[in-house]
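The structure under discussion appears below in the form of structure tokens.
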Amino acid sequence: MNLRDLHYLVALAEHRHFGRAADACFVSQPTLSTQIRKLEDELGVQLVERTPRRVLLTDVGRDIVARARAVLRDVDEIKAIARRTVDPEAGSLRLGIFPTLGPYLLPHIVPRIHARFPRLELLLVEEKTETLLGQLREGRLDAALLALPVPDEQLHVEPLFEEPFLLAVPDGHPLARRKAISLDDLADQDLLLLEDGHCLRDQALEVCAFAGAGEKTGFRATSLETLRQMVAANVGITLLPLLAVKPPVAPSTHVHLLRFRSDTPSRRIAMLWRKSSALTPLLMPLAALIRDLPRALLDPRTLD
């Protein structure tokens, strides 16, 4: 048994297809298949069920894949310790970020990261929160930018900033004549929301519950941009995070943005990584760099 074979097995578990797993490992399909067979022979158990259309893991195969992931994660940590000892700010960093934050935050932080850590290769992964958490726990990500709370005792949580929400309404909406509103103004309003799986949906539902608002039925958006276009088309109103309306995002026509006068709804953003990570000496200053955003960027009054 060697690390290469464990890589092959984990790739097969992720892709459930010999051809795609072989491509991911940069080997031929016969090579990967032969090595999996040899691993099964060595262990004396069947790891996968081979069907014409896909590959299924056996019960023992799932258990061994989980162990293999842990072994490979530990090997990566060993390599990271050695690499960081030679040059703490070099190498690659796999950073996860969720879709309703990534496109709006990254333009503000990526140039700063490149300037501060010129030898660091930043590998960005955009996925929904639950997917990012799974990849973080499995060692496929080094860190992730997520919205709190995230209940996990194995992860270090480094708070970064609090991002206010704005209310987006069509030009002709009764609230469009105002510059600011209170949560009470949302009472009995129905808001357009994202589909299940987006943390922003859960945050918006909390605001709705607190303010006495509801969800507009019959529609759930797949992205913030869809929500924005629905508001512009006079379909309804919605909550938008402040960064999603700040430059370099272009202003939306026929959409009026309202800040909250007090009790501003918001989301708390943090960077999370495994407490056991050897990258902590790099991740702490990286988090500090992201935390040090210009204050005006997160001040809704700058929109007045």
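How things are named: the first chain in the structure tokens is A, the next is B, and so on; residues count from 1 in each chain; ligands count from 1 in the order shown.
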
List the neighbours of Phe161 in chain A out to 9 Å using only C-alpha atoms; skip same-chain residues closer than 4 positions along the sequence, and give me the result as a PDB file with all heavy atoms, in the first residue's frame.
```
ATOM      1  N   ARG A 267     -24.989  40.239   8.554  1.00  0.00           N
ATOM      2  CA  ARG A 267     -24.423  38.903   8.693  1.00  0.00           C
ATOM      3  C   ARG A 267     -22.967  39.047   9.132  1.00  0.00           C
ATOM      4  O   ARG A 267     -22.265  39.977   8.731  1.00  0.00           O
ATOM      5  CB  ARG A 267     -24.530  38.110   7.392  1.00  0.00           C
ATOM      6  CG  ARG A 267     -23.816  38.705   6.186  1.00  0.00           C
ATOM      7  CD  ARG A 267     -24.053  37.841   4.967  1.00  0.00           C
ATOM      8  NE  ARG A 267     -23.359  38.355   3.777  1.00  0.00           N
ATOM      9  CZ  ARG A 267     -23.453  37.803   2.568  1.00  0.00           C
ATOM     10  NH1 ARG A 267     -24.207  36.733   2.404  1.00  0.00           N
ATOM     11  NH2 ARG A 267     -22.810  38.311   1.533  1.00  0.00           N
ATOM     12  N   ARG A 268     -22.527  38.110   9.969  1.00  0.00           N
ATOM     13  CA  ARG A 268     -21.159  38.125  10.483  1.00  0.00           C
ATOM     14  C   ARG A 268     -20.302  37.168   9.671  1.00  0.00           C
ATOM     15  O   ARG A 268     -20.636  35.991   9.548  1.00  0.00           O
ATOM     16  CB  ARG A 268     -21.139  37.731  11.961  1.00  0.00           C
ATOM     17  CG  ARG A 268     -21.822  38.748  12.878  1.00  0.00           C
ATOM     18  CD  ARG A 268     -21.830  38.262  14.323  1.00  0.00           C
ATOM     19  NE  ARG A 268     -22.630  37.057  14.464  1.00  0.00           N
ATOM     20  CZ  ARG A 268     -22.279  36.013  15.221  1.00  0.00           C
ATOM     21  NH1 ARG A 268     -21.124  36.017  15.875  1.00  0.00           N
ATOM     22  NH2 ARG A 268     -23.073  34.961  15.313  1.00  0.00           N
ATOM     23  N   ILE A 269     -19.219  37.680   9.126  1.00  0.00           N
ATOM     24  CA  ILE A 269     -18.331  36.899   8.278  1.00  0.00           C
ATOM     25  C   ILE A 269     -17.059  36.565   9.062  1.00  0.00           C
ATOM     26  O   ILE A 269     -16.496  37.426   9.748  1.00  0.00           O
ATOM     27  CB  ILE A 269     -17.970  37.661   6.987  1.00  0.00           C
ATOM     28  CG1 ILE A 269     -19.249  38.100   6.248  1.00  0.00           C
ATOM     29  CG2 ILE A 269     -17.086  36.800   6.091  1.00  0.00           C
ATOM     30  CD1 ILE A 269     -20.144  36.948   5.820  1.00  0.00           C
ATOM     31  N   ALA A 270     -16.615  35.334   8.935  1.00  0.00           N
ATOM     32  CA  ALA A 270     -15.405  34.886   9.632  1.00  0.00           C
ATOM     33  C   ALA A 270     -14.596  33.990   8.716  1.00  0.00           C
ATOM     34  O   ALA A 270     -15.106  33.465   7.713  1.00  0.00           O
ATOM     35  CB  ALA A 270     -15.761  34.138  10.913  1.00  0.00           C
ATOM     36  N   ILE A 290      -7.739  40.711   5.706  1.00  0.00           N
ATOM     37  CA  ILE A 290      -9.122  40.789   5.224  1.00  0.00           C
ATOM     38  C   ILE A 290      -9.961  41.636   6.174  1.00  0.00           C
ATOM     39  O   ILE A 290     -10.833  42.401   5.746  1.00  0.00           O
ATOM     40  CB  ILE A 290      -9.716  39.377   5.077  1.00  0.00           C
ATOM     41  CG1 ILE A 290      -8.920  38.575   4.042  1.00  0.00           C
ATOM     42  CG2 ILE A 290     -11.190  39.444   4.688  1.00  0.00           C
ATOM     43  CD1 ILE A 290      -9.327  37.116   3.943  1.00  0.00           C
ATOM     44  N   ARG A 291      -9.704  41.509   7.465  1.00  0.00           N
ATOM     45  CA  ARG A 291     -10.454  42.277   8.459  1.00  0.00           C
ATOM     46  C   ARG A 291     -10.230  43.778   8.304  1.00  0.00           C
ATOM     47  O   ARG A 291     -11.099  44.586   8.622  1.00  0.00           O
ATOM     48  CB  ARG A 291     -10.034  41.830   9.862  1.00  0.00           C
ATOM     49  CG  ARG A 291     -10.891  42.426  10.996  1.00  0.00           C
ATOM     50  CD  ARG A 291     -10.326  42.066  12.362  1.00  0.00           C
ATOM     51  NE  ARG A 291     -10.328  40.625  12.558  1.00  0.00           N
ATOM     52  CZ  ARG A 291      -9.226  39.874  12.719  1.00  0.00           C
ATOM     53  NH1 ARG A 291      -8.025  40.442  12.684  1.00  0.00           N
ATOM     54  NH2 ARG A 291      -9.321  38.577  12.906  1.00  0.00           N
ATOM     55  N   ASP A 292      -9.097  44.152   7.790  1.00  0.00           N
ATOM     56  CA  ASP A 292      -8.719  45.559   7.685  1.00  0.00           C
ATOM     57  C   ASP A 292      -9.256  46.194   6.400  1.00  0.00           C
ATOM     58  O   ASP A 292      -8.543  46.909   5.694  1.00  0.00           O
ATOM     59  CB  ASP A 292      -7.193  45.688   7.753  1.00  0.00           C
ATOM     60  CG  ASP A 292      -6.737  47.128   7.880  1.00  0.00           C
ATOM     61  OD1 ASP A 292      -7.486  47.928   8.481  1.00  0.00           O
ATOM     62  OD2 ASP A 292      -5.640  47.454   7.391  1.00  0.00           O
ATOM     63  N   LEU A 293     -10.517  45.946   6.104  1.00  0.00           N
ATOM     64  CA  LEU A 293     -11.148  46.579   4.946  1.00  0.00           C
ATOM     65  C   LEU A 293     -11.442  48.046   5.248  1.00  0.00           C
ATOM     66  O   LEU A 293     -11.645  48.415   6.411  1.00  0.00           O
ATOM     67  CB  LEU A 293     -12.455  45.858   4.603  1.00  0.00           C
ATOM     68  CG  LEU A 293     -12.350  44.465   3.993  1.00  0.00           C
ATOM     69  CD1 LEU A 293     -13.732  43.811   3.951  1.00  0.00           C
ATOM     70  CD2 LEU A 293     -11.754  44.522   2.597  1.00  0.00           C
ATOM     71  N   LEU A 298     -18.133  49.104   4.353  1.00  0.00           N
ATOM     72  CA  LEU A 298     -19.171  48.409   5.106  1.00  0.00           C
ATOM     73  C   LEU A 298     -20.118  49.378   5.825  1.00  0.00           C
ATOM     74  O   LEU A 298     -20.811  48.994   6.754  1.00  0.00           O
ATOM     75  CB  LEU A 298     -18.529  47.463   6.126  1.00  0.00           C
ATOM     76  CG  LEU A 298     -17.710  46.326   5.506  1.00  0.00           C
ATOM     77  CD1 LEU A 298     -16.887  45.605   6.554  1.00  0.00           C
ATOM     78  CD2 LEU A 298     -18.629  45.350   4.775  1.00  0.00           C
TER      79      LEU A 298
END
```

List as a VMD selection string the protein and nucleic acid residues near Thr58 in chain A, meaning an atom at most 10 Å away when only C-alpha atoms are counted, but skip any in the same chain fewer than 5 places from it.
chain A and resid 45 to 49 63 to 64

Dump as a Markdown table the rows for residues of range 199-294 of chain A within 8 Å of range 168-184 of chain A: closest atom pair and distance in Å with one decimal, only C-alpha atoms counted, ordered by chain and rising residue number.
```
| residue | atom | partner | partner_atom | distance |
| --- | --- | --- | --- | --- |
| A:Ala211 | CA | A:Leu183 | CA | 5.5 |
| A:Gly212 | CA | A:Asp184 | CA | 7.8 |
| A:Arg228 | CA | A:Ala168 | CA | 7.8 |
| A:Val231 | CA | A:Pro170 | CA | 5.5 |
| A:Ala232 | CA | A:Pro170 | CA | 5.6 |
| A:Ala233 | CA | A:Pro170 | CA | 7.4 |
| A:Asn234 | CA | A:Pro170 | CA | 5.4 |
| A:Gly236 | CA | A:Val169 | CA | 7.0 |
| A:Ile237 | CA | A:Val169 | CA | 4.7 |
| A:Thr238 | CA | A:Ala168 | CA | 5.4 |
| A:Leu239 | CA | A:Ala168 | CA | 6.0 |
| A:Leu240 | CA | A:Ala168 | CA | 6.6 |
| A:His254 | CA | A:Asp171 | CA | 5.1 |
| A:Val255 | CA | A:Pro170 | CA | 4.8 |
| A:His256 | CA | A:Val169 | CA | 5.3 |
| A:Leu257 | CA | A:Ala168 | CA | 4.7 |
| A:Leu258 | CA | A:Ala180 | CA | 5.2 |
| A:Arg259 | CA | A:Ala180 | CA | 4.8 |
| A:Phe260 | CA | A:Ile181 | CA | 4.9 |
| A:Arg261 | CA | A:Ser182 | CA | 5.7 |
| A:Ser262 | CA | A:Ser182 | CA | 6.5 |
| A:Asp263 | CA | A:Leu183 | CA | 7.4 |
| A:Thr264 | CA | A:Leu183 | CA | 7.9 |
```

Write a file of the selected residues as an mmCIF file, in the first residue's frame, keeping N, CA, C and O atoms.
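As a result, result_2.cif now contains:
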```cif
data_model
loop_
_atom_site.group_PDB
_atom_site.id
_atom_site.type_symbol
_atom_site.label_atom_id
_atom_site.label_comp_id
_atom_site.auth_asym_id
_atom_site.auth_seq_id
_atom_site.Cartn_x
_atom_site.Cartn_y
_atom_site.Cartn_z
ATOM 1 N N ALA A 211 -39.134 40.757 11.849
ATOM 2 C CA ALA A 211 -39.854 41.957 11.416
ATOM 3 C C ALA A 211 -41.324 41.694 11.119
ATOM 4 O O ALA A 211 -42.077 42.637 10.862
ATOM 5 N N GLY A 212 -41.734 40.437 11.118
ATOM 6 C CA GLY A 212 -43.119 40.126 10.779
ATOM 7 C C GLY A 212 -43.375 40.083 9.288
ATOM 8 O O GLY A 212 -44.511 40.259 8.840
ATOM 9 N N ARG A 228 -31.800 40.566 -7.881
ATOM 10 C CA ARG A 228 -31.694 41.971 -8.288
ATOM 11 C C ARG A 228 -32.544 42.237 -9.528
ATOM 12 O O ARG A 228 -33.249 43.249 -9.616
ATOM 13 N N VAL A 231 -36.279 42.298 -8.743
ATOM 14 C CA VAL A 231 -36.687 43.578 -8.152
ATOM 15 C C VAL A 231 -36.811 44.633 -9.251
ATOM 16 O O VAL A 231 -37.792 45.382 -9.295
ATOM 17 N N ALA A 232 -35.829 44.703 -10.145
ATOM 18 C CA ALA A 232 -35.868 45.680 -11.239
ATOM 19 C C ALA A 232 -37.089 45.473 -12.127
ATOM 20 O O ALA A 232 -37.633 46.439 -12.692
ATOM 21 N N ALA A 233 -37.545 44.227 -12.241
ATOM 22 C CA ALA A 233 -38.713 43.919 -13.071
ATOM 23 C C ALA A 233 -40.025 44.090 -12.313
ATOM 24 O O ALA A 233 -41.086 43.709 -12.810
ATOM 25 N N ASN A 234 -39.935 44.649 -11.095
ATOM 26 C CA ASN A 234 -41.124 44.942 -10.291
ATOM 27 C C ASN A 234 -41.858 43.681 -9.835
ATOM 28 O O ASN A 234 -43.072 43.687 -9.646
ATOM 29 N N GLY A 236 -40.951 42.078 -6.952
ATOM 30 C CA GLY A 236 -41.022 42.114 -5.498
ATOM 31 C C GLY A 236 -39.850 42.865 -4.908
ATOM 32 O O GLY A 236 -39.127 43.581 -5.605
ATOM 33 N N ILE A 237 -39.656 42.693 -3.593
ATOM 34 C CA ILE A 237 -38.568 43.350 -2.872
ATOM 35 C C ILE A 237 -37.696 42.272 -2.231
ATOM 36 O O ILE A 237 -38.110 41.125 -2.091
ATOM 37 N N THR A 238 -36.471 42.659 -1.849
ATOM 38 C CA THR A 238 -35.578 41.662 -1.260
ATOM 39 C C THR A 238 -34.525 42.342 -0.412
ATOM 40 O O THR A 238 -34.360 43.572 -0.433
ATOM 41 N N LEU A 239 -33.776 41.540 0.338
ATOM 42 C CA LEU A 239 -32.620 42.013 1.094
ATOM 43 C C LEU A 239 -31.353 41.722 0.304
ATOM 44 O O LEU A 239 -31.196 40.633 -0.249
ATOM 45 N N LEU A 240 -30.451 42.693 0.252
ATOM 46 C CA LEU A 240 -29.169 42.517 -0.418
ATOM 47 C C LEU A 240 -28.050 42.866 0.553
ATOM 48 O O LEU A 240 -28.134 43.873 1.265
ATOM 49 N N HIS A 254 -33.737 50.953 -12.032
ATOM 50 C CA HIS A 254 -35.081 50.632 -11.546
ATOM 51 C C HIS A 254 -35.062 49.905 -10.197
ATOM 52 O O HIS A 254 -36.056 49.279 -9.821
ATOM 53 N N VAL A 255 -33.942 49.978 -9.477
ATOM 54 C CA VAL A 255 -33.852 49.388 -8.138
ATOM 55 C C VAL A 255 -33.460 50.483 -7.159
ATOM 56 O O VAL A 255 -32.450 51.174 -7.343
ATOM 57 N N HIS A 256 -34.270 50.657 -6.128
ATOM 58 C CA HIS A 256 -33.997 51.655 -5.097
ATOM 59 C C HIS A 256 -33.507 50.936 -3.845
ATOM 60 O O HIS A 256 -34.135 49.980 -3.387
ATOM 61 N N LEU A 257 -32.384 51.409 -3.289
ATOM 62 C CA LEU A 257 -31.763 50.765 -2.125
ATOM 63 C C LEU A 257 -32.036 51.575 -0.874
ATOM 64 O O LEU A 257 -31.821 52.800 -0.849
ATOM 65 N N LEU A 258 -32.497 50.898 0.173
ATOM 66 C CA LEU A 258 -32.834 51.553 1.433
ATOM 67 C C LEU A 258 -31.988 50.982 2.555
ATOM 68 O O LEU A 258 -31.891 49.756 2.710
ATOM 69 N N ARG A 259 -31.368 51.848 3.344
ATOM 70 C CA ARG A 259 -30.673 51.377 4.534
ATOM 71 C C ARG A 259 -31.635 51.394 5.713
ATOM 72 O O ARG A 259 -32.702 52.021 5.666
ATOM 73 N N PHE A 260 -31.252 50.702 6.765
ATOM 74 C CA PHE A 260 -32.064 50.652 7.980
ATOM 75 C C PHE A 260 -31.546 51.706 8.961
ATOM 76 O O PHE A 260 -30.333 51.852 9.155
ATOM 77 N N ARG A 261 -32.474 52.420 9.594
ATOM 78 C CA ARG A 261 -32.082 53.496 10.504
ATOM 79 C C ARG A 261 -31.450 52.954 11.787
ATOM 80 O O ARG A 261 -30.508 53.535 12.314
ATOM 81 N N SER A 262 -31.978 51.882 12.315
ATOM 82 C CA SER A 262 -31.461 51.276 13.547
ATOM 83 C C SER A 262 -31.756 49.784 13.505
ATOM 84 O O SER A 262 -32.526 49.306 12.661
ATOM 85 N N ASP A 263 -31.147 49.055 14.418
ATOM 86 C CA ASP A 263 -31.307 47.584 14.428
ATOM 87 C C ASP A 263 -31.048 47.012 13.031
ATOM 88 O O ASP A 263 -31.820 46.179 12.525
ATOM 89 N N THR A 264 -29.982 47.487 12.404
ATOM 90 C CA THR A 264 -29.680 47.078 11.036
ATOM 91 C C THR A 264 -29.431 45.573 10.954
ATOM 92 O O THR A 264 -28.531 45.060 11.630
#
```

Given the choices A:Leu194, A:Leu205, A:Ala244, A:Leu93, which gets closest to Arg220 in chain A if the distance is worked out from only C-alpha atoms?
A:Leu194

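For the choices A:Leu101, A:Ala11, A:Ala250, A:Leu39, the atom-to-atom distance to Phe26 in chain A is smallest for A:Ala11 when using only C-alpha atoms.
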
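In this comparison, which uses only C-alpha atoms, the residue of A:Leu166, A:Leu242, A:Leu120, A:Ala213 approaching Asp188 in chain A most closely is A:Ala213.
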
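With only C-alpha atoms as the atoms that count, the minimum distance from Arg73 in chain A to the choices A:Gln29, A:Gln229, A:Asn2, A:Gln135 is reached by A:Gln135.
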
Give the strand (DSSP E) residues of range 41-253 of chain A, as assigned by DSSP on the backbone, as a PyMOL selection string.
chain A and resi 48-50+55-57+91-97+120-126+143-147+155-170+180-181+190-191+214-215+238-241

Please produce an output containing C-alpha atoms for each residue in the selection, written as a compact mmCIF listing (two decimals), in the first residue's frame.
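The resulting result39.txt:
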```txt
# COMPACT_ATOMS: atom_id res chain seq x y z
CA VAL A 48 -15.90 -0.92 -4.84
CA GLU A 49 -18.81 -2.43 -6.72
CA ARG A 50 -18.25 -2.12 -10.44
CA VAL A 55 -18.93 2.83 -9.24
CA LEU A 56 -20.37 2.19 -5.79
CA LEU A 57 -18.33 1.93 -2.59
CA GLY A 91 3.20 27.74 -1.48
CA SER A 92 -0.49 27.41 -2.28
CA LEU A 93 -3.55 28.12 -0.15
CA ARG A 94 -6.95 26.60 -0.90
CA LEU A 95 -9.55 29.12 0.26
CA GLY A 96 -13.29 28.52 0.11
CA ILE A 97 -15.96 31.21 -0.16
CA LEU A 120 1.46 32.81 -2.15
CA GLU A 121 -0.63 30.98 -4.76
CA LEU A 122 -4.28 31.58 -3.86
CA LEU A 123 -6.61 28.81 -5.05
CA LEU A 124 -10.24 29.89 -4.68
CA VAL A 125 -13.20 27.51 -4.40
CA GLU A 126 -16.77 28.88 -4.55
CA ALA A 143 -9.59 27.72 5.12
CA ALA A 144 -13.00 29.13 4.24
CA LEU A 145 -14.82 32.44 4.51
CA LEU A 146 -18.24 31.68 5.99
CA ALA A 147 -21.16 33.38 7.69
CA LEU A 155 -12.61 24.50 13.60
CA HIS A 156 -10.95 27.74 14.61
CA VAL A 157 -13.19 30.76 14.01
CA GLU A 158 -11.54 34.11 13.29
CA PRO A 159 -14.17 36.91 13.05
CA LEU A 160 -13.60 39.33 10.17
CA PHE A 161 -16.41 41.84 9.76
CA GLU A 162 -20.15 42.44 9.96
CA GLU A 163 -21.90 43.16 6.67
CA PRO A 164 -25.18 45.14 6.81
CA PHE A 165 -28.19 44.29 4.68
CA LEU A 166 -30.10 46.77 2.52
CA LEU A 167 -33.68 46.57 1.31
CA ALA A 168 -33.97 46.62 -2.49
CA VAL A 169 -37.33 47.78 -3.87
CA PRO A 170 -38.57 48.69 -7.39
CA ALA A 180 -33.99 54.82 5.25
CA ILE A 181 -36.50 52.53 6.92
CA ASP A 190 -43.36 39.46 1.28
CA LEU A 191 -39.71 39.23 0.24
CA GLY A 214 -42.93 36.68 4.88
CA GLU A 215 -41.57 35.00 1.76
CA THR A 238 -35.58 41.66 -1.26
CA LEU A 239 -32.62 42.01 1.09
CA LEU A 240 -29.17 42.52 -0.42
CA PRO A 241 -25.81 42.44 1.40
```

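CA of Lys246 in chain A to CA of Asp196 in chain A spans 25.4 Å [interatomic distance, one decimal].
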
From the DSSP assignment of the backbone, select every residue of range 45-95 of chain A that is helix (DSSP H, G or I), and format the answer as a PyMOL selection string.
chain A and resi 59-86

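Closest approach to Leu224 in chain A among A:Pro103, A:Leu133, A:Pro118, A:Gln154: A:Pro103, based on only C-alpha atoms.
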
Within 10 Å of Leu3 in chain A, counting only C-alpha atoms, which residues qualify if same-chain residues fewer than 2 places away don't, as a PyMOL selection string?
chain A and resi 1+5-9+68+71-72+75

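For the residues A:Leu32, A:Ala70, A:Leu12, A:Ala80, ranking by smallest atom-to-atom distance to Arg54 in chain A using only C-alpha atoms places A:Leu12 first.
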
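Picture a line from CA of Asp87 in chain A to CA of His108 in chain A; it runs 25.8 Å.
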
Just how far from CA of Gly134 in chain A is CA of Pro265 in chain A, in Å to one decimal?
27.9 Å
